[in-house]
>>> print(open('start03.txt').read())   # compact mmCIF, N, CA and C atoms and all ligand atoms
# COMPACT_ATOMS: atom_id res chain seq x y z
N MET P 1 50.13 120.32 62.65
CA MET P 1 50.84 120.21 61.39
C MET P 1 50.73 118.77 60.92
N CYS P 2 50.31 118.59 59.68
CA CYS P 2 50.17 117.24 59.17
C CYS P 2 51.44 116.82 58.43
N LYS P 3 51.66 115.54 58.46
CA LYS P 3 52.86 114.98 57.85
C LYS P 3 52.51 114.42 56.49
N THR P 4 53.16 114.90 55.45
CA THR P 4 52.90 114.42 54.10
C THR P 4 53.78 113.22 53.82
N ILE P 5 53.16 112.15 53.34
CA ILE P 5 53.91 110.93 53.03
C ILE P 5 53.59 110.52 51.60
N ALA P 6 54.49 109.76 51.00
CA ALA P 6 54.23 109.21 49.67
C ALA P 6 53.16 108.14 49.80
N SER P 7 52.23 108.14 48.88
CA SER P 7 51.15 107.17 48.93
C SER P 7 50.48 107.09 47.57
N ASN P 8 49.58 106.14 47.43
CA ASN P 8 48.81 105.99 46.20
C ASN P 8 47.44 106.63 46.40
N ILE P 9 46.97 107.28 45.35
CA ILE P 9 45.62 107.83 45.31
C ILE P 9 44.89 107.13 44.17
N THR P 10 43.89 106.36 44.48
CA THR P 10 43.05 105.80 43.42
C THR P 10 41.88 106.76 43.26
N PHE P 11 41.83 107.41 42.08
CA PHE P 11 40.83 108.45 41.82
C PHE P 11 39.96 108.02 40.66
N ASN P 12 38.69 107.81 40.91
CA ASN P 12 37.76 107.35 39.88
C ASN P 12 38.31 106.12 39.14
N GLY P 13 38.91 105.21 39.92
CA GLY P 13 39.40 103.95 39.36
C GLY P 13 40.80 103.99 38.81
N LYS P 14 41.44 105.16 38.76
CA LYS P 14 42.79 105.30 38.22
C LYS P 14 43.78 105.47 39.37
N THR P 15 44.85 104.68 39.40
CA THR P 15 45.81 104.77 40.49
C THR P 15 46.90 105.77 40.14
N LEU P 16 47.04 106.77 41.01
CA LEU P 16 48.01 107.84 40.84
C LEU P 16 48.86 107.91 42.11
N SER P 17 49.83 108.82 42.12
CA SER P 17 50.70 108.90 43.29
C SER P 17 50.57 110.26 43.98
N HIS P 18 50.91 110.26 45.25
CA HIS P 18 51.00 111.50 46.03
C HIS P 18 52.41 111.54 46.60
N SER P 19 53.15 112.59 46.27
CA SER P 19 54.52 112.70 46.79
C SER P 19 54.55 113.67 47.96
N PRO P 20 55.55 113.54 48.83
CA PRO P 20 55.62 114.38 50.03
C PRO P 20 55.70 115.87 49.74
N ASP P 21 56.13 116.27 48.54
CA ASP P 21 56.22 117.71 48.24
C ASP P 21 54.90 118.30 47.74
N SER P 22 53.89 117.47 47.61
CA SER P 22 52.61 117.97 47.12
C SER P 22 51.77 118.51 48.29
N PRO P 23 51.21 119.73 48.17
CA PRO P 23 50.48 120.32 49.28
C PRO P 23 49.05 119.80 49.47
N SER P 24 48.52 119.08 48.47
CA SER P 24 47.14 118.61 48.60
C SER P 24 46.87 117.47 47.62
N ILE P 25 45.79 116.77 47.87
CA ILE P 25 45.36 115.73 46.93
C ILE P 25 45.00 116.38 45.59
N LEU P 26 44.33 117.53 45.63
CA LEU P 26 43.98 118.22 44.39
C LEU P 26 45.24 118.51 43.56
N HIS P 27 46.26 119.01 44.19
CA HIS P 27 47.52 119.31 43.51
C HIS P 27 48.10 118.04 42.89
N SER P 28 48.12 116.96 43.61
CA SER P 28 48.65 115.70 43.08
C SER P 28 47.86 115.23 41.87
N LEU P 29 46.54 115.31 41.95
CA LEU P 29 45.71 114.87 40.84
C LEU P 29 45.95 115.73 39.60
N GLU P 30 46.00 117.04 39.79
CA GLU P 30 46.23 117.93 38.64
C GLU P 30 47.60 117.70 38.02
N ARG P 31 48.59 117.46 38.85
CA ARG P 31 49.94 117.24 38.36
C ARG P 31 50.01 116.01 37.46
N GLN P 32 49.04 115.10 37.63
CA GLN P 32 49.03 113.87 36.83
C GLN P 32 47.90 113.87 35.79
N GLY P 33 47.41 115.06 35.47
CA GLY P 33 46.50 115.21 34.35
C GLY P 33 45.02 115.12 34.66
N GLU P 34 44.67 114.94 35.93
CA GLU P 34 43.24 114.89 36.28
C GLU P 34 42.69 116.31 36.42
N THR P 35 41.40 116.45 36.25
CA THR P 35 40.79 117.79 36.30
C THR P 35 39.58 117.80 37.24
N PRO P 36 39.79 117.50 38.53
CA PRO P 36 38.65 117.56 39.46
C PRO P 36 38.13 118.99 39.62
N ALA P 37 36.86 119.10 39.99
CA ALA P 37 36.26 120.41 40.18
C ALA P 37 36.91 121.13 41.37
N TYR P 38 37.01 122.45 41.27
CA TYR P 38 37.48 123.27 42.39
C TYR P 38 37.09 124.71 42.13
N GLN P 39 37.14 125.54 43.15
CA GLN P 39 36.97 126.98 42.98
C GLN P 39 37.98 127.73 43.84
N CYS P 40 37.78 127.72 45.16
CA CYS P 40 38.60 128.58 46.03
C CYS P 40 39.99 128.02 46.33
N ARG P 41 40.13 126.71 46.35
CA ARG P 41 41.37 126.02 46.71
C ARG P 41 41.79 126.29 48.16
N GLU P 42 40.88 126.73 49.01
CA GLU P 42 41.22 127.09 50.39
C GLU P 42 40.32 126.43 51.43
N GLY P 43 39.39 125.59 51.01
CA GLY P 43 38.51 124.94 51.97
C GLY P 43 37.26 125.72 52.32
N PHE P 44 36.93 126.74 51.52
CA PHE P 44 35.75 127.58 51.80
C PHE P 44 34.50 127.14 51.05
N CYS P 45 34.64 126.82 49.77
CA CYS P 45 33.46 126.71 48.89
C CYS P 45 32.85 125.31 48.81
N GLY P 46 33.63 124.27 48.98
CA GLY P 46 33.12 122.90 48.88
C GLY P 46 33.08 122.35 47.47
N ALA P 47 33.54 123.12 46.49
CA ALA P 47 33.47 122.66 45.09
C ALA P 47 34.33 121.42 44.84
N CYS P 48 35.35 121.20 45.64
CA CYS P 48 36.25 120.06 45.43
C CYS P 48 35.84 118.84 46.25
N ARG P 49 34.62 118.87 46.79
CA ARG P 49 34.14 117.77 47.62
C ARG P 49 34.17 116.46 46.83
N ALA P 50 34.64 115.39 47.48
CA ALA P 50 34.70 114.06 46.85
C ALA P 50 34.38 113.01 47.92
N THR P 51 34.11 111.81 47.46
CA THR P 51 33.80 110.71 48.38
C THR P 51 35.07 109.92 48.68
N LEU P 52 35.35 109.76 49.96
CA LEU P 52 36.48 108.93 50.38
C LEU P 52 35.96 107.52 50.58
N LYS P 53 36.32 106.62 49.68
CA LYS P 53 35.80 105.25 49.73
C LYS P 53 36.67 104.34 50.60
N GLN P 54 37.95 104.70 50.71
CA GLN P 54 38.86 103.86 51.51
C GLN P 54 40.03 104.71 51.95
N GLY P 55 40.52 104.48 53.17
CA GLY P 55 41.67 105.19 53.68
C GLY P 55 41.27 106.39 54.52
N ALA P 56 42.26 107.24 54.78
CA ALA P 56 42.04 108.42 55.62
C ALA P 56 42.88 109.57 55.09
N VAL P 57 42.46 110.78 55.43
CA VAL P 57 43.20 111.98 55.03
C VAL P 57 43.43 112.86 56.25
N GLN P 58 44.36 113.78 56.11
CA GLN P 58 44.59 114.82 57.10
C GLN P 58 44.36 116.15 56.41
N TYR P 59 43.89 117.13 57.17
CA TYR P 59 43.69 118.47 56.60
C TYR P 59 44.84 119.37 56.99
N SER P 60 45.29 120.16 56.03
CA SER P 60 46.36 121.12 56.29
C SER P 60 45.86 122.23 57.21
N HIS P 61 44.57 122.55 57.12
CA HIS P 61 43.91 123.46 58.05
C HIS P 61 42.45 123.06 58.10
N GLU P 62 41.76 123.43 59.14
CA GLU P 62 40.36 123.04 59.29
C GLU P 62 39.52 123.74 58.22
N PRO P 63 38.87 122.97 57.33
CA PRO P 63 38.09 123.61 56.28
C PRO P 63 36.82 124.23 56.82
N LEU P 64 36.36 125.31 56.17
CA LEU P 64 35.11 125.96 56.56
C LEU P 64 33.91 125.37 55.81
N ALA P 65 34.14 124.77 54.66
CA ALA P 65 33.05 124.17 53.87
C ALA P 65 32.50 122.95 54.61
N PHE P 66 31.20 122.75 54.49
CA PHE P 66 30.55 121.61 55.12
C PHE P 66 30.97 120.31 54.43
N VAL P 67 31.33 119.32 55.24
CA VAL P 67 31.73 118.02 54.72
C VAL P 67 30.99 116.94 55.49
N ARG P 68 30.25 116.10 54.79
CA ARG P 68 29.53 115.00 55.43
C ARG P 68 30.48 113.84 55.74
N ASP P 69 30.03 112.95 56.58
CA ASP P 69 30.81 111.74 56.84
C ASP P 69 31.06 111.03 55.51
N GLY P 70 32.28 110.61 55.28
CA GLY P 70 32.62 109.90 54.05
C GLY P 70 33.02 110.82 52.90
N GLU P 71 32.99 112.13 53.15
CA GLU P 71 33.41 113.08 52.12
C GLU P 71 34.71 113.76 52.57
N ILE P 72 35.44 114.25 51.57
CA ILE P 72 36.65 115.03 51.85
C ILE P 72 36.69 116.22 50.90
N LEU P 73 37.54 117.17 51.22
CA LEU P 73 37.82 118.30 50.33
C LEU P 73 39.22 118.07 49.75
N LEU P 74 39.28 117.96 48.44
CA LEU P 74 40.55 117.63 47.79
C LEU P 74 41.59 118.74 47.90
N CYS P 75 41.14 120.00 48.00
CA CYS P 75 42.07 121.14 47.94
C CYS P 75 42.90 121.34 49.19
N CYS P 76 42.45 120.82 50.31
CA CYS P 76 43.17 121.09 51.56
C CYS P 76 43.42 119.82 52.37
N SER P 77 43.41 118.68 51.70
CA SER P 77 43.69 117.44 52.40
C SER P 77 44.85 116.71 51.74
N ILE P 78 45.52 115.91 52.53
CA ILE P 78 46.58 115.04 52.03
C ILE P 78 46.27 113.63 52.50
N PRO P 79 46.68 112.63 51.73
CA PRO P 79 46.39 111.24 52.13
C PRO P 79 47.20 110.82 53.35
N ASP P 80 46.58 110.07 54.21
CA ASP P 80 47.27 109.48 55.36
C ASP P 80 47.43 107.99 55.03
N GLY P 81 48.31 107.68 54.08
CA GLY P 81 48.42 106.34 53.52
C GLY P 81 47.63 106.27 52.21
N ASP P 82 47.49 105.07 51.67
CA ASP P 82 46.78 104.91 50.40
C ASP P 82 45.30 105.22 50.58
N VAL P 83 44.73 105.88 49.57
CA VAL P 83 43.31 106.25 49.63
C VAL P 83 42.63 105.90 48.30
N VAL P 84 41.31 105.67 48.39
CA VAL P 84 40.47 105.48 47.22
C VAL P 84 39.40 106.56 47.25
N ILE P 85 39.32 107.35 46.18
CA ILE P 85 38.45 108.53 46.13
C ILE P 85 37.62 108.50 44.86
N ALA P 86 36.39 108.95 44.96
CA ALA P 86 35.53 109.13 43.78
C ALA P 86 35.06 110.57 43.74
N SER P 87 35.13 111.18 42.57
CA SER P 87 34.64 112.55 42.46
C SER P 87 33.13 112.54 42.49
N ASP P 88 32.56 113.65 42.94
CA ASP P 88 31.11 113.74 43.05
C ASP P 88 30.50 114.47 41.86
N ASP P 89 31.33 114.78 40.82
CA ASP P 89 30.76 115.47 39.67
C ASP P 89 30.54 114.53 38.51
S1 LIG R 101 38.07 124.28 46.12
FE1 LIG R 101 36.85 125.35 47.55
S2 LIG R 101 36.77 124.01 49.24
FE2 LIG R 101 38.15 123.04 47.88
>>> encode(input="start03.txt", output="structure tokens")
Amino acid sequence: MCKTIASNITFNGKTLSHSPDSPSILHSLERQGETPAYQCREGFCGACRATLKQGAVQYSHEPLAFVRDGEILLCCSIPDGDVVIASDD
């Protein structure tokens, strides 16, 4: 079980927040008006893949989609402290 903490998410150069009640980075971004790509929202498809430029994340469950080193899935991860992320679209 991962622990959700309040933190900053810098997404494509814009600094946003992640609150402990948010289930994922994708959810936090959408709540603040961002529109990152997604499809399944469950870690299967890889459509929400993004580059983690700084920081670390935890996964709510082990994703099935392939993720390379330095990439994360926005739909099933939460920040482990402040993170810097760039979308791949
Ligand atoms: S939206 Fe499908 S893996 Fe994230």
>>> residues_near_ligand(input="start03.txt", ligand="ligand LIG 101 (chain R)", cutoff="6.5 Å", atoms="only N, CA and C atoms and all ligand atoms", output="PyMOL selection string")
chain P and resi 37-49+65+73-76
>>> axis_aligned_box(input="start03.txt", around="range 46-49 of chain P", padding_each_side="6 Å", output="lines of an AutoDock Vina configuration file")
center_x = 34.7
center_y = 120.4
center_z = 46.9
size_x = 15.2
size_y = 19.8
size_z = 16.1
>>> residues_near_point(input="start03.txt", point="(38.7, 106.1, 41.1)", cutoff="10 Å", atoms="only C-alpha atoms", output="PyMOL selection string")
chain P and resi 9-16+51-53+83-87
>>> closest_residue(input="start03.txt", among="P:Pro20, P:Gly81, P:Pro36, P:Gly70", to="Gln58 in chain P", atoms="only C-alpha atoms")
P:Gly81
>>> atom_distance(input="start03.txt", atom1="atom N of Leu64 in chain P", atom2="atom N of Asn8 in chain P")
24.9 Å
>>> atom_distance(input="start03.txt", atom1="CA of Ser60 in chain P", atom2="atom C of Ser77 in chain P")
6.5 Å
>>> select_by_dssp(input="start03.txt", residues="range 16-82 of chain P", states="helix (DSSP H, G or I)", output="MDAnalysis selection string")
chainID P and resid 25:31 74:76
>>> closest_residue(input="start03.txt", among="P:Glu30, P:Asp82, P:Glu62, P:Ile5", to="His18 in chain P", atoms="all atoms listed in the file")
P:Ile5
>>> atom_distance(input="start03.txt", atom1="CA of Ile78 in chain P", atom2="CA of Arg31 in chain P")
14.2 Å
